[in-house]
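Dropping my_file-v4.cif in here (mmCIF, C-alpha atoms):
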data_entry
loop_
_atom_site.label_atom_id
_atom_site.label_comp_id
_atom_site.auth_asym_id
_atom_site.auth_seq_id
_atom_site.Cartn_x
_atom_site.Cartn_y
_atom_site.Cartn_z
CA MET A 150 10.85 7.31 7.41
CA ALA A 151 10.15 4.61 4.92
CA GLU A 152 7.86 7.00 3.04
CA TYR A 153 10.97 8.80 1.92
CA ILE A 154 11.85 6.00 -0.48
CA GLU A 155 8.81 5.40 -2.62
CA SER A 156 9.98 2.30 -4.44
CA LEU A 157 11.16 0.68 -1.19
CA GLN A 158 7.81 1.45 0.39
CA ARG A 159 5.99 -0.04 -2.58
CA LEU A 160 8.09 -3.20 -2.44
CA ALA A 161 7.44 -3.52 1.31
CA GLU A 162 3.71 -3.15 0.63
CA GLN A 163 3.89 -6.03 -1.84
CA PHE A 164 5.61 -8.23 0.73
CA GLY A 165 3.02 -7.14 3.28
CA ARG A 166 0.26 -8.56 1.08
CA LEU A 167 1.67 -12.07 1.49
CA GLN A 168 -0.15 -14.27 3.95
CA GLY A 169 1.28 -14.01 7.46
CA VAL A 170 3.71 -11.16 6.76
CA GLY A 171 3.41 -8.11 9.02
CA ARG A 172 4.48 -4.53 8.38
CA LYS A 173 7.90 -4.83 10.01
CA SER A 174 8.75 -8.15 8.39
CA ALA A 175 7.69 -6.74 5.03
CA MET A 176 10.11 -3.83 5.40
CA ARG A 177 12.91 -6.18 6.48
CA MET A 178 12.30 -8.29 3.38
CA ALA A 179 12.32 -5.24 1.13
CA PHE A 180 15.68 -4.22 2.60
CA SER A 181 16.90 -7.75 2.04
CA VAL A 182 16.17 -7.46 -1.66
CA LEU A 183 18.14 -4.21 -1.87
CA GLU A 184 21.19 -6.05 -0.57
CA TRP A 185 20.99 -8.51 -3.47
CA SER A 186 22.67 -7.97 -6.79
CA GLU A 187 20.56 -6.72 -9.67
CA GLU A 188 20.84 -10.17 -11.24
CA GLU A 189 19.55 -11.89 -8.12
CA ALA A 190 16.62 -9.47 -7.89
CA GLY A 191 15.90 -10.22 -11.53
CA GLU A 192 15.82 -13.95 -10.79
CA PHE A 193 13.38 -13.33 -7.95
CA ALA A 194 11.07 -11.27 -10.16
CA GLN A 195 11.27 -13.94 -12.86
CA ALA A 196 10.47 -16.71 -10.36
CA ILE A 197 7.26 -14.89 -9.43
CA LEU A 198 6.23 -14.49 -13.07
CA ASP A 199 7.20 -18.09 -13.89
CA ALA A 200 5.26 -19.53 -11.00
CA LYS A 201 2.15 -17.62 -12.00
CA GLN A 202 2.46 -18.42 -15.69
CA LYS A 203 3.58 -22.04 -15.59
CA ILE A 204 1.55 -23.43 -12.71
CA HIS A 205 -1.93 -24.64 -13.61
CA LEU A 206 -4.23 -27.36 -12.35
CA CYS A 207 -3.63 -31.00 -13.24
CA PRO A 208 -6.55 -31.92 -15.53
CA ILE A 209 -7.05 -35.18 -13.59
CA CYS A 210 -6.68 -34.46 -9.86
CA GLN A 211 -6.83 -30.62 -9.93
CA ASN A 212 -3.58 -30.42 -7.96
CA MET A 213 -1.20 -27.63 -8.95
CA THR A 214 1.50 -28.56 -11.42
CA ASP A 215 3.76 -27.03 -14.02
CA ARG A 216 3.73 -30.17 -16.17
CA GLU A 217 0.92 -31.37 -18.40
CA ILE A 218 -0.27 -33.92 -15.83
CA CYS A 219 0.93 -33.75 -12.21
CA PRO A 220 3.68 -36.23 -11.24
CA ILE A 221 1.36 -38.12 -8.90
CA CYS A 222 -1.24 -38.77 -11.60
CA ALA A 223 1.54 -39.51 -14.09
CA ASP A 224 3.25 -42.02 -11.77
CA PRO A 225 2.44 -45.59 -12.94
CA GLU A 226 3.16 -46.88 -9.41
CA ARG A 227 0.26 -44.94 -7.86
CA ASP A 228 -3.00 -46.78 -7.31
CA ARG A 229 -5.62 -45.11 -9.50
CA SER A 230 -8.43 -47.06 -7.86
CA VAL A 231 -8.12 -45.06 -4.64
CA ILE A 232 -8.78 -41.32 -4.58
CA CYS A 233 -8.09 -39.22 -1.50
CA VAL A 234 -10.24 -36.07 -1.62
CA VAL A 235 -8.54 -33.07 0.02
CA THR A 236 -9.43 -29.43 0.52
CA ASP A 237 -6.34 -27.79 -0.94
CA VAL A 238 -2.91 -28.30 -2.43
CA LYS A 239 -1.19 -27.86 0.93
CA THR A 240 -2.96 -30.96 2.21
CA VAL A 241 -1.51 -32.98 -0.69
CA PHE A 242 1.95 -31.83 0.41
CA ALA A 243 1.21 -32.81 4.02
CA MET A 244 -0.11 -36.24 2.98
CA GLU A 245 2.83 -36.92 0.67
CA LYS A 246 5.26 -36.23 3.48
CA VAL A 247 3.83 -39.18 5.40
CA ARG A 248 4.73 -41.57 2.53
CA GLU A 249 1.86 -43.77 3.65
CA PHE A 250 -0.64 -43.20 0.86
CA TYR A 251 -0.09 -44.71 -2.56
CA GLY A 252 -3.36 -43.79 -4.24
CA THR A 253 -4.11 -40.57 -6.09
CA TYR A 254 -5.63 -37.30 -4.92
CA HIS A 255 -8.46 -35.03 -5.82
CA VAL A 256 -8.18 -31.40 -4.76
CA LEU A 257 -11.48 -29.61 -4.14
CA HIS A 258 -9.95 -26.13 -3.84
CA GLY A 259 -12.16 -25.16 -0.95
CA LEU A 260 -15.02 -26.34 1.21
CA ILE A 261 -18.73 -25.73 0.87
CA SER A 262 -19.51 -22.62 2.88
CA PRO A 263 -22.75 -20.86 1.93
CA ILE A 264 -22.03 -18.06 4.40
CA ASN A 265 -18.90 -17.21 2.40
CA GLY A 266 -20.66 -17.68 -0.91
CA ILE A 267 -18.85 -20.95 -1.67
CA THR A 268 -21.44 -23.21 -3.23
CA PRO A 269 -20.65 -26.78 -4.44
CA ASP A 270 -20.41 -25.63 -8.07
CA ARG A 271 -17.37 -23.49 -7.18
CA LEU A 272 -15.43 -26.58 -6.04
CA LYS A 273 -13.90 -29.29 -8.23
CA ILE A 274 -16.72 -31.71 -7.48
CA LYS A 275 -17.88 -32.21 -11.06
CA GLU A 276 -14.35 -33.33 -11.97
CA LEU A 277 -14.37 -35.83 -9.08
CA LEU A 278 -17.65 -37.34 -10.20
CA GLU A 279 -16.30 -37.68 -13.74
CA ARG A 280 -13.30 -39.60 -12.43
CA VAL A 281 -15.48 -41.89 -10.30
CA ASN A 282 -17.85 -42.36 -13.26
CA GLY A 283 -14.87 -43.59 -15.30
CA GLY A 284 -15.23 -46.94 -13.53
CA GLU A 285 -11.62 -47.45 -12.44
CA VAL A 286 -12.16 -46.05 -8.93
CA LYS A 287 -12.88 -48.46 -6.05
CA GLU A 288 -12.53 -46.18 -3.01
CA VAL A 289 -12.89 -42.48 -2.28
CA ILE A 290 -11.29 -41.38 1.01
CA ILE A 291 -12.65 -38.02 2.12
CA ALA A 292 -9.91 -36.17 4.02
CA THR A 293 -11.43 -32.77 4.70
CA ASN A 294 -10.77 -31.07 8.03
CA PRO A 295 -13.11 -31.92 10.92
CA THR A 296 -14.64 -28.44 10.93
CA VAL A 297 -18.25 -27.46 10.25
CA GLU A 298 -17.47 -26.78 6.58
CA GLY A 299 -15.25 -29.86 6.28
CA GLU A 300 -17.95 -32.11 7.72
CA ALA A 301 -20.68 -30.55 5.59
CA THR A 302 -18.60 -31.00 2.43
CA ALA A 303 -17.79 -34.60 3.38
CA MET A 304 -21.48 -35.37 3.93
CA TYR A 305 -22.39 -33.71 0.64
CA LEU A 306 -19.77 -35.71 -1.28
CA ALA A 307 -20.76 -38.98 0.42
CA LYS A 308 -24.33 -38.40 -0.70
CA LEU A 309 -23.31 -37.57 -4.27
CA LEU A 310 -21.08 -40.66 -4.48
CA LYS A 311 -23.73 -43.04 -3.18
CA PRO A 312 -25.13 -43.95 -6.65
CA PHE A 313 -21.67 -45.09 -7.80
CA GLU A 314 -20.32 -48.48 -6.86
CA VAL A 315 -17.43 -47.17 -4.77
CA ARG A 316 -16.49 -47.47 -1.13
CA VAL A 317 -16.62 -43.96 0.44
CA THR A 318 -14.53 -43.54 3.61
CA ARG A 319 -13.53 -40.70 5.91
CA ILE A 320 -10.09 -40.48 7.56
CA ALA A 321 -10.17 -41.10 11.31
CA TYR A 322 -10.34 -38.14 13.66
CA GLY A 323 -9.26 -38.47 17.26
CA ILE A 324 -6.62 -37.53 19.80
CA PRO A 325 -3.31 -36.70 18.10
CA VAL A 326 -0.44 -39.00 19.01
CA GLY A 327 1.47 -37.59 21.97
CA ALA A 328 -1.35 -35.32 23.11
CA ASP A 329 -2.88 -35.25 26.59
CA LEU A 330 -6.50 -36.35 26.90
CA GLU A 331 -6.96 -33.80 29.66
CA TYR A 332 -6.52 -30.95 27.22
CA ALA A 333 -8.38 -32.38 24.25
CA ASP A 334 -11.40 -30.38 23.14
CA GLU A 335 -14.84 -31.92 23.43
CA ILE A 336 -15.45 -32.41 19.74
CA THR A 337 -12.13 -34.19 19.27
CA LEU A 338 -12.87 -36.40 22.27
CA LYS A 339 -16.28 -37.19 20.82
CA HIS A 340 -14.69 -38.16 17.49
CA ALA A 341 -12.11 -40.26 19.32
CA LEU A 342 -14.80 -42.08 21.28
CA ASN A 343 -17.07 -42.68 18.32
CA GLY A 344 -14.18 -43.88 16.21
CA ARG A 345 -12.97 -46.40 18.79
CA ARG A 346 -11.75 -49.75 17.50
CA ASP A 347 -11.36 -53.22 19.03
CA PHE A 348 -7.96 -54.20 20.35
CA MET B 197 5.94 -32.93 -1.98
CA ALA B 198 6.85 -29.47 -3.06
CA GLU B 199 9.51 -30.87 -5.37
CA TYR B 200 6.70 -31.92 -7.63
CA ILE B 201 6.09 -28.33 -8.70
CA GLU B 202 9.39 -26.99 -9.91
CA SER B 203 8.43 -23.35 -10.38
CA LEU B 204 6.72 -23.24 -6.98
CA GLN B 205 9.80 -24.73 -5.39
CA ARG B 206 12.01 -22.18 -7.12
CA LEU B 207 9.81 -19.32 -5.96
CA ALA B 208 9.87 -20.64 -2.39
CA GLU B 209 13.67 -20.81 -2.58
CA GLN B 210 13.77 -17.16 -3.57
CA PHE B 211 11.60 -16.20 -0.60
CA GLY B 212 13.81 -18.37 1.61
CA ARG B 213 16.82 -16.24 0.68
CA LEU B 214 15.24 -13.20 2.33
CA GLN B 215 16.56 -12.31 5.75
CA GLY B 216 14.60 -14.01 8.54
CA VAL B 217 12.44 -16.19 6.32
CA GLY B 218 12.48 -19.92 7.07
CA ARG B 219 11.68 -22.84 4.79
CA LYS B 220 8.05 -23.16 5.86
CA SER B 221 7.33 -19.43 5.69
CA ALA B 222 8.93 -19.30 2.27
CA MET B 223 6.60 -22.00 0.98
CA ARG B 224 3.59 -20.26 2.52
CA MET B 225 4.58 -17.04 0.77
CA ALA B 226 5.01 -18.83 -2.56
CA PHE B 227 1.51 -20.26 -2.20
CA SER B 228 0.27 -16.80 -1.37
CA VAL B 229 1.56 -15.48 -4.68
CA LEU B 230 -0.23 -18.27 -6.58
CA GLU B 231 -3.51 -17.05 -5.10
CA TRP B 232 -2.95 -13.60 -6.59
CA SER B 233 -4.07 -12.61 -10.05
CA GLU B 234 -1.49 -12.59 -12.82
CA GLU B 235 -1.65 -8.79 -12.79
CA GLU B 236 -0.92 -8.62 -9.07
CA ALA B 237 2.03 -11.00 -9.45
CA GLY B 238 3.27 -8.79 -12.26
CA GLU B 239 3.10 -5.74 -9.98
CA PHE B 240 5.09 -7.61 -7.33
CA ALA B 241 7.79 -8.60 -9.82
CA GLN B 242 7.91 -5.03 -11.10
CA ALA B 243 8.22 -3.62 -7.58
CA ILE B 244 11.30 -5.78 -7.05
CA LEU B 245 12.91 -4.61 -10.28
CA ASP B 246 11.94 -0.98 -9.63
CA ALA B 247 13.35 -0.98 -6.11
CA LYS B 248 16.67 -2.37 -7.34
CA GLN B 249 16.88 -0.07 -10.34
CA LYS B 250 15.59 3.19 -8.88
CA ILE B 251 17.12 3.17 -5.42
CA HIS B 252 20.62 4.59 -5.18
CA LEU B 253 22.58 6.47 -2.56
CA CYS B 254 21.98 10.16 -1.92
CA PRO B 255 25.16 11.92 -3.12
CA ILE B 256 25.20 14.03 0.06
CA CYS B 257 24.31 11.79 3.03
CA GLN B 258 24.66 8.33 1.37
CA ASN B 259 21.16 7.37 2.54
CA MET B 260 19.08 5.31 0.11
CA THR B 261 16.75 7.27 -2.10
CA ASP B 262 14.96 7.04 -5.42
CA ARG B 263 15.19 10.79 -6.00
CA GLU B 264 18.22 12.77 -7.06
CA ILE B 265 18.89 13.96 -3.50
CA CYS B 266 17.18 12.31 -0.53
CA PRO B 267 14.20 14.19 0.97
CA ILE B 268 16.06 14.86 4.22
CA CYS B 269 19.01 16.54 2.48
CA ALA B 270 16.58 18.34 0.15
CA ASP B 271 14.44 19.65 3.03
CA PRO B 272 15.26 23.35 3.64
CA GLU B 273 13.96 23.01 7.22
CA ARG B 274 16.69 20.55 8.22
CA ASP B 275 19.74 21.91 9.96
CA ARG B 276 22.74 21.29 7.68
CA SER B 277 25.16 22.32 10.41
CA VAL B 278 24.47 19.12 12.38
CA ILE B 279 25.29 15.71 10.93
CA CYS B 280 24.25 12.52 12.66
CA VAL B 281 26.53 9.68 11.56
CA VAL B 282 24.74 6.31 11.49
CA THR B 283 25.74 2.79 10.54
CA ASP B 284 22.97 1.99 8.08
CA VAL B 285 19.76 3.12 6.43
CA LYS B 286 17.58 1.30 8.96
CA THR B 287 18.99 3.52 11.70
CA VAL B 288 17.91 6.62 9.75
CA PHE B 289 14.38 5.20 9.70
CA ALA B 290 14.52 4.53 13.44
CA MET B 291 15.86 8.04 14.19
CA GLU B 292 13.27 9.73 11.98
CA LYS B 293 10.46 7.99 13.85
CA VAL B 294 11.50 9.82 17.04
CA ARG B 295 10.91 13.22 15.35
CA GLU B 296 13.50 14.65 17.73
CA PHE B 297 16.38 15.27 15.36
CA TYR B 298 16.28 18.10 12.85
CA GLY B 299 19.78 17.91 11.46
CA THR B 300 20.94 15.76 8.57
CA TYR B 301 22.42 12.27 8.47
CA HIS B 302 25.46 10.55 7.14
CA VAL B 303 25.19 6.83 6.50
CA LEU B 304 28.45 4.89 6.83
CA HIS B 305 27.05 1.63 5.39
CA GLY B 306 28.86 -0.51 7.92
CA LEU B 307 31.28 -0.38 10.79
CA ILE B 308 35.04 -0.84 10.84
CA SER B 309 35.63 -4.53 11.44
CA PRO B 310 39.07 -5.80 10.38
CA ILE B 311 38.07 -9.35 11.31
CA ASN B 312 35.34 -9.21 8.65
CA GLY B 313 37.58 -7.42 6.18
CA ILE B 314 35.75 -4.11 6.57
CA THR B 315 38.44 -1.46 6.54
CA PRO B 316 37.68 2.29 6.83
CA ASP B 317 38.03 2.79 3.07
CA ARG B 318 35.02 0.54 2.49
CA LEU B 319 32.79 2.89 4.49
CA LYS B 320 31.45 6.29 3.43
CA ILE B 321 34.01 8.11 5.57
CA LYS B 322 35.66 10.06 2.76
CA GLU B 323 32.27 11.54 1.88
CA LEU B 324 31.73 12.57 5.52
CA LEU B 325 35.08 14.35 5.66
CA GLU B 326 34.26 16.18 2.44
CA ARG B 327 31.02 17.42 3.96
CA VAL B 328 32.74 18.55 7.16
CA ASN B 329 35.48 20.17 5.10
CA GLY B 330 32.80 22.20 3.32
CA GLY B 331 32.74 24.50 6.38
CA GLU B 332 28.98 24.56 6.99
CA VAL B 333 29.05 21.79 9.62
CA LYS B 334 29.21 22.72 13.31
CA GLU B 335 28.53 19.40 14.99
CA VAL B 336 28.93 15.73 14.12
CA ILE B 337 26.90 13.37 16.31
CA ILE B 338 28.26 9.83 16.11
CA ALA B 339 25.35 7.42 16.55
CA THR B 340 26.90 4.03 15.95
CA ASN B 341 25.77 1.08 18.06
CA PRO B 342 27.48 0.67 21.47
CA THR B 343 29.22 -2.52 20.34
CA VAL B 344 32.92 -3.18 19.90
CA GLU B 345 32.80 -2.27 16.21
CA GLY B 346 30.52 0.70 16.85
CA GLU B 347 32.85 2.10 19.49
CA ALA B 348 35.94 1.50 17.39
CA THR B 349 34.38 3.27 14.43
CA ALA B 350 33.27 6.16 16.65
CA MET B 351 36.80 6.56 18.05
CA TYR B 352 38.29 6.39 14.58
CA LEU B 353 35.91 9.07 13.28
CA ALA B 354 36.47 11.30 16.32
CA LYS B 355 40.20 11.17 15.67
CA LEU B 356 39.76 11.94 11.97
CA LEU B 357 37.46 14.86 12.73
CA LYS B 358 39.74 16.45 15.33
CA PRO B 359 41.62 18.70 12.85
CA PHE B 360 38.32 20.27 11.74
CA GLU B 361 36.65 22.97 13.78
CA VAL B 362 33.56 20.94 14.64
CA ARG B 363 32.03 19.67 17.83
CA VAL B 364 32.13 15.88 17.78
CA THR B 365 29.58 14.18 20.04
CA ARG B 366 28.44 10.66 20.74
CA ILE B 367 24.83 9.78 21.56
CA ALA B 368 24.46 8.91 25.23
CA TYR B 369 24.36 5.46 26.69
CA GLY B 370 20.63 5.42 26.94
CA ILE B 371 20.92 2.48 24.59
CA PRO B 372 21.58 -0.74 26.49
CA VAL B 373 25.12 -1.91 25.72
CA GLY B 374 25.13 -4.73 23.18
CA ALA B 375 21.76 -3.87 21.69
CA ASP B 376 21.01 -2.84 18.13
CA LEU B 377 19.87 0.75 17.44
CA GLU B 378 17.42 -0.55 14.89
CA TYR B 379 15.36 -2.19 17.63
CA ALA B 380 15.66 0.49 20.29
CA ASP B 381 12.37 1.94 21.51
CA GLU B 382 11.67 5.58 20.72
CA ILE B 383 12.02 6.93 24.27
CA THR B 384 15.42 5.30 24.73
CA LEU B 385 16.51 6.75 21.41
CA LYS B 386 15.26 10.19 22.47
CA HIS B 387 17.17 10.01 25.76
CA ALA B 388 20.24 8.91 23.90
CA LEU B 389 19.99 11.89 21.58
CA ASN B 390 19.37 14.47 24.32
CA GLY B 391 22.11 13.08 26.57
CA ARG B 392 24.87 13.27 23.95
CA ARG B 393 28.27 14.31 25.29
CA ASP B 394 31.46 15.78 23.87
CA PHE B 395 34.19 13.43 22.90
#
Rewrite the structure of this file - the entire thing - as structure tokens.
Amino acid sequence: MAEYIESLQRLAEQFGRLQGVGRKSAMRMAFSVLEWSEEEAGEFAQAILDAKQKIHLCPICQNMTDREICPICADPERDRSVICVVTDVKTVFAMEKVREFYGTYHVLHGLISPINGITPDRLKIKELLERVNGGEVKEVIIATNPTVEGEATAMYLAKLLKPFEVRVTRIAYGIPVGADLEYADEITLKHALNGRRDF
Amino acid sequence: MAEYIESLQRLAEQFGRLQGVGRKSAMRMAFSVLEWSEEEAGEFAQAILDAKQKIHLCPICQNMTDREICPICADPERDRSVICVVTDVKTVFAMEKVREFYGTYHVLHGLISPINGITPDRLKIKELLERVNGGEVKEVIIATNPTVEGEATAMYLAKLLKPFEVRVTRIAYGIPVGADLEYADEITLKHALNGRRDF
């Protein structure tokens, strides 16, 4: 049994704490590490420590970075007058893959959710307002998920941004390209209908 | 894109080197680590180093252990006169789960496979012969997978063991031919053990 090898068991437990890793996968990963050389295992351990120590939030957009300012904020080609507000860092990655957006981002690091104790002051909203207050910003695109929390946060932000002279927009929600209308859920269909545009 | 955060990318690459972890899962795991506290990440890194440093082979059965002698070999309740020869450590785990075998093990750490450059001298065969030569052993159960390499290794061992006064058996074909012992269900493994036959 795995219990027979304490340090293997402990390593498997650590892998098991990772999001989306089950008990069996965790043990397989632990075995994997044992097959590596001591040097390789050392590199792995160092990569974990490095990532934790070096990565911090970009002081401008609150995205994760290991440089002083994140490469997007530091890029002179990016349009600083447009800010796309996203829930988390993963969404920045997803948006960047599209290569369709040339503005900057602002990462909230969560959504307002009173039931989970996440009040607006726990999100990076103050930092967003400071950026908008700077005067350079012309448009804020709110790209939170179309969930209850995402909608509530979007509404809250829209209200907060009203006093500033900026255009506040919300990305379009509708039927995904390639999907079948027959199987679309009602809320998506409603969004798709309400967001209809002229040909 | 992920490339923007070098240390995150490097961590994801390390996760991606683990067996059965794809590019997307690796990135998800790297993100997971960033959500941990620095202390937790430190524990993870230490678990990796510990596992590599502390785990070695049991001098008797060649199973992995972080003690001087593995708990199975050290257990006075286990029958030292019966040795079950297995391909790898994972098979020991699988066999122990059945709670049907009360002998000891011998881990070969591979199967003879000339095409992959694995010759008998690269396996823990010498150590097995030494144990059998000790005189205490009455039966050697060969529990390699029913694959070409598994069969070849079993035949080779049976031939080597002939000069000794021991019963040499092979676990029964309860295991579907071509399958991997590691993934066999417990009942199949139990049948395979009980149905073992003389060579």
Explicit residues for the PyMOL selection byres ((chain A and resi 229) around 9) (as a PyMOL selection string): chain A and resi 222+225-228+230-232+251-253+285-287
One-decimal distance in Å that lies between CA of Ala328 in chain A and CA of Val235 in chain A: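 Here the two named atoms are 24.3 Å from each other.
RMSD of chain B versus chain A, all Cα atoms, in-order pairing, least-squares fit: 5.4 Å.
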Contact check, chain A to chain B, at most 7 Å, counting only C-alpha atoms, closest pairs as a tab-separated table:
residue	atom	partner	partner_atom	distance
A:Met150	CA	B:Phe289	CA	4.7
A:Ala151	CA	B:Phe289	CA	6.4
A:Tyr153	CA	B:Pro267	CA	6.4
A:Ile154	CA	B:Thr261	CA	5.3
A:Glu155	CA	B:Asp262	CA	7.0
A:Ser156	CA	B:Ala247	CA	5.0
A:Leu157	CA	B:Ala247	CA	5.6
A:Arg159	CA	B:Ala243	CA	6.5
A:Leu160	CA	B:Ala243	CA	5.2
A:Gln163	CA	B:Phe240	CA	5.8
A:Leu167	CA	B:Ser228	CA	5.7
A:Gln168	CA	B:Ser228	CA	5.9
A:Met178	CA	B:Leu214	CA	5.8
A:Ser181	CA	B:Leu214	CA	5.7
A:Leu183	CA	B:Lys248	CA	6.0
A:Glu187	CA	B:Lys248	CA	6.3
A:Ala190	CA	B:Ile244	CA	6.5
A:Gly191	CA	B:Leu245	CA	6.5
A:Phe193	CA	B:Gln210	CA	5.8
A:Ala194	CA	B:Ala241	CA	4.2
A:Ala196	CA	B:Leu207	CA	5.2
A:Ile197	CA	B:Leu207	CA	6.2
A:Leu198	CA	B:Gly238	CA	6.5
A:Asp199	CA	B:Ser203	CA	6.4
A:Ala200	CA	B:Ser203	CA	5.0
A:Lys201	CA	B:Leu230	CA	6.0
A:Thr214	CA	B:Ile201	CA	5.3
A:Asp215	CA	B:Ile201	CA	6.0
A:Pro220	CA	B:Tyr200	CA	6.4
A:Phe242	CA	B:Met197	CA	4.8
A:Glu245	CA	B:Met197	CA	5.7
A:Lys246	CA	B:Met197	CA	6.4
Asn294 in chain A environment, 12 Å, all atoms listed in the file, sequence neighbours closer than 2 positions dropped, as a list in words: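 Non-adjacent residues within range: Val234, Val235, Thr236, Asp237, Thr240, Gly259, Leu260, Ile261, Ile291, Ala292, Thr296, Val297, Glu298, Gly299, Glu300, Ala301, Thr302, Ala303, Arg319, Ile320, Ala321, Tyr322, Gly323 and Thr337 of chain A.
Rounded to one decimal, CA of Asn343 in chain A and CA of Pro295 in chain A lie 13.6 Å from each other.
Candidate residues B:Arg363, B:His302, B:Arg392, B:Lys386 were compared for distance to Ile256 in chain B, and the nearest is B:His302, using all atoms listed in the file.
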Interatomic distance, CA of Phe297 in chain B to CA of Leu389 in chain B (Å, one decimal): 7.9 Å
Among the residues A:Leu257, A:Ile264, A:Ile336, A:Cys233, the one that comes closest to Val317 in chain A [using only C-alpha atoms]: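 Of A:Leu257, A:Ile264, A:Ile336, A:Cys233, the one nearest Val317 in chain A, counting only C-alpha atoms, is A:Cys233.
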Option closest in space to Glu314 in chain A, from A:Asp329, A:Glu288, A:Asp334, A:Asp224 [counting all atoms listed in the file]: A:Glu288
Non-local contacts of Leu277 in chain A (10 Å; only C-alpha atoms; under 2 positions in same chain excluded) as a PyMOL selection string: chain A and resi 209-211+232+234+254-257+272-275+279-283+289+306+310
